[in-house]
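Read the structure below first, then the notes.
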Amino acid sequence: MKPVSIKPIPAQAFETLEAVKGTVVYGKDPGRDFMAGMKARAGGEITGNTGMLNGARQMAAKRRAGAAKELGAGAVAGLRHASSVMPRAAEAIACGTAVRFC
């Protein structure tokens, strides 16, 4: 999966369009979830969850960019990301404000 590019918005006038978001919920593999629980007890990074969350964040960011593109935006300002791991799933949300350059 190709990472989403994050660049500063050039110093020029722009019109604010509306808030845009991308959301993804990944179902977790029960075997991997069990192993993550065991790793959590022992201490250390749970690499399976780290990789899953990174992939989910990238997918959410691409969906946010797609939503902005549908509005005719040239960029998304005020980027925000949130994620959480639940017992059987992980969720990632990416949001921001779509803007069009004048």
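Convention: chains lettered A, B, ... in structure tokens order; per-chain residue numbering from 1; ligands numbered from 1 as shown.
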
>> What's around range 55-70 of chain A at 7 Å? Count only C-alpha atoms, leave out sequence neighbours fewer than 4 positions away in its own chain, and write the answer as a list in words.
In response: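 Returned residues: Pro3, Val4, Val20, Lys21, Gly22, Thr23, Val24, Gly51, Val76, Ala92, Ile93, Ala94, Cys95 and Ala98 of chain A.
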
> as JSON, numbers by chain, which residues of range 36-91 of chain A does DSSP assign to helix (DSSP H, G or I)?
Replying inline: {"A": [36, 37, 38, 39, 40, 41, 42, 47, 48, 49, 50, 51, 52, 53, 54, 55, 56, 57, 58, 59, 60, 61, 62, 63, 64, 65, 66, 67, 68, 69, 70]}

>> Using Å and a single decimal, report how far CA of Arg100 in chain A sits from CA of Leu17 in chain A.
In response: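 About the pair CA of Leu17 in chain A and CA of Arg100 in chain A: they are 7.0 Å apart.
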
> Expressed in Å to a single decimal, how great is the separation between CA of Val85 in chain A and CA of Gly44 in chain A?
Replying inline: 16.5 Å

Hey, what's within 8 Å of Cys102 in chain A if we count only C-alpha atoms and toss same-chain stuff fewer than 6 positions away? As a tab-separated table (two decimals) with all heavy atoms, in the first residue's frame, please?
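Just written: selection-v8.tsv:
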chain	number	residue	atom	x	y	z
A	12	GLN	N	-1.12	30.56	-0.25
A	12	GLN	CA	-2.03	31.15	-1.23
A	12	GLN	C	-3.44	31.06	-0.68
A	12	GLN	O	-3.71	30.32	0.25
A	12	GLN	CB	-1.92	30.47	-2.59
A	12	GLN	CG	-2.35	29.02	-2.61
A	12	GLN	CD	-2.12	28.39	-3.98
A	12	GLN	OE1	-1.05	28.50	-4.54
A	12	GLN	NE2	-3.13	27.73	-4.50
A	13	ALA	N	-4.33	31.84	-1.28
A	13	ALA	CA	-5.71	31.88	-0.81
A	13	ALA	C	-6.41	30.56	-1.12
A	13	ALA	O	-6.14	29.92	-2.13
A	13	ALA	CB	-6.45	33.03	-1.48
A	14	PHE	N	-7.27	30.15	-0.22
A	14	PHE	CA	-8.05	28.94	-0.45
A	14	PHE	C	-9.44	29.09	0.14
A	14	PHE	O	-9.67	29.89	1.03
A	14	PHE	CB	-7.35	27.68	0.12
A	14	PHE	CG	-7.10	27.72	1.59
A	14	PHE	CD1	-8.06	27.27	2.50
A	14	PHE	CD2	-5.89	28.19	2.09
A	14	PHE	CE1	-7.82	27.29	3.86
A	14	PHE	CE2	-5.65	28.21	3.44
A	14	PHE	CZ	-6.61	27.77	4.33
A	15	GLU	N	-10.35	28.31	-0.39
A	15	GLU	CA	-11.74	28.29	0.05
A	15	GLU	C	-11.97	27.01	0.85
A	15	GLU	O	-11.60	25.91	0.42
A	15	GLU	CB	-12.65	28.29	-1.19
A	15	GLU	CG	-14.09	28.03	-0.93
A	15	GLU	CD	-14.88	27.80	-2.23
A	15	GLU	OE1	-14.28	27.75	-3.32
A	15	GLU	OE2	-16.10	27.64	-2.11

>> Between CA of Ser84 in chain A and CA of Ala19 in chain A, what is the distance in Å, rounded to a tenth?
In response: 21.2 Å

>> Taking 4 positions as the minimum chain separation for residues in the same chain, which residues sit within 12 Å of Lys7 in chain A when counting only C-alpha atoms? Answer as a VMD selection string.
In response: chain A and resid 74 to 79

Same residues, all heavy atoms, output as a compact mmCIF listing (two decimals), in the first residue's frame:
# COMPACT_ATOMS: atom_id res chain seq x y z
N GLY A 74 -8.31 20.70 -3.46
CA GLY A 74 -6.91 20.58 -3.87
C GLY A 74 -6.04 20.10 -2.73
O GLY A 74 -4.89 19.73 -2.94
N ALA A 75 -6.60 20.10 -1.50
CA ALA A 75 -5.83 19.67 -0.33
C ALA A 75 -6.78 19.42 0.83
O ALA A 75 -7.96 19.77 0.78
CB ALA A 75 -4.81 20.74 0.06
N VAL A 76 -6.24 18.82 1.87
CA VAL A 76 -6.96 18.63 3.13
C VAL A 76 -6.12 19.28 4.22
O VAL A 76 -4.93 18.98 4.37
CB VAL A 76 -7.21 17.15 3.45
CG1 VAL A 76 -7.96 17.01 4.77
CG2 VAL A 76 -7.97 16.46 2.33
N ALA A 77 -6.71 20.19 4.97
CA ALA A 77 -6.02 20.90 6.05
C ALA A 77 -6.47 20.37 7.40
O ALA A 77 -7.55 19.78 7.52
CB ALA A 77 -6.32 22.40 5.95
N GLY A 78 -5.67 20.60 8.42
CA GLY A 78 -6.04 20.21 9.78
C GLY A 78 -6.20 18.71 9.94
O GLY A 78 -7.20 18.25 10.46
N LEU A 79 -5.21 17.95 9.50
CA LEU A 79 -5.30 16.50 9.53
C LEU A 79 -5.36 15.97 10.95
O LEU A 79 -4.62 16.41 11.82
CB LEU A 79 -4.08 15.89 8.83
CG LEU A 79 -3.84 16.32 7.40
CD1 LEU A 79 -2.57 15.68 6.86
CD2 LEU A 79 -5.01 15.94 6.52

>> Restricting the calculation to only C-alpha atoms: of A:Ile46, A:Val99, A:Leu53, A:Ala11, which residue gets closest to His81 in chain A?
In response: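 Selected residue with least distance to His81 in chain A: A:Leu53.
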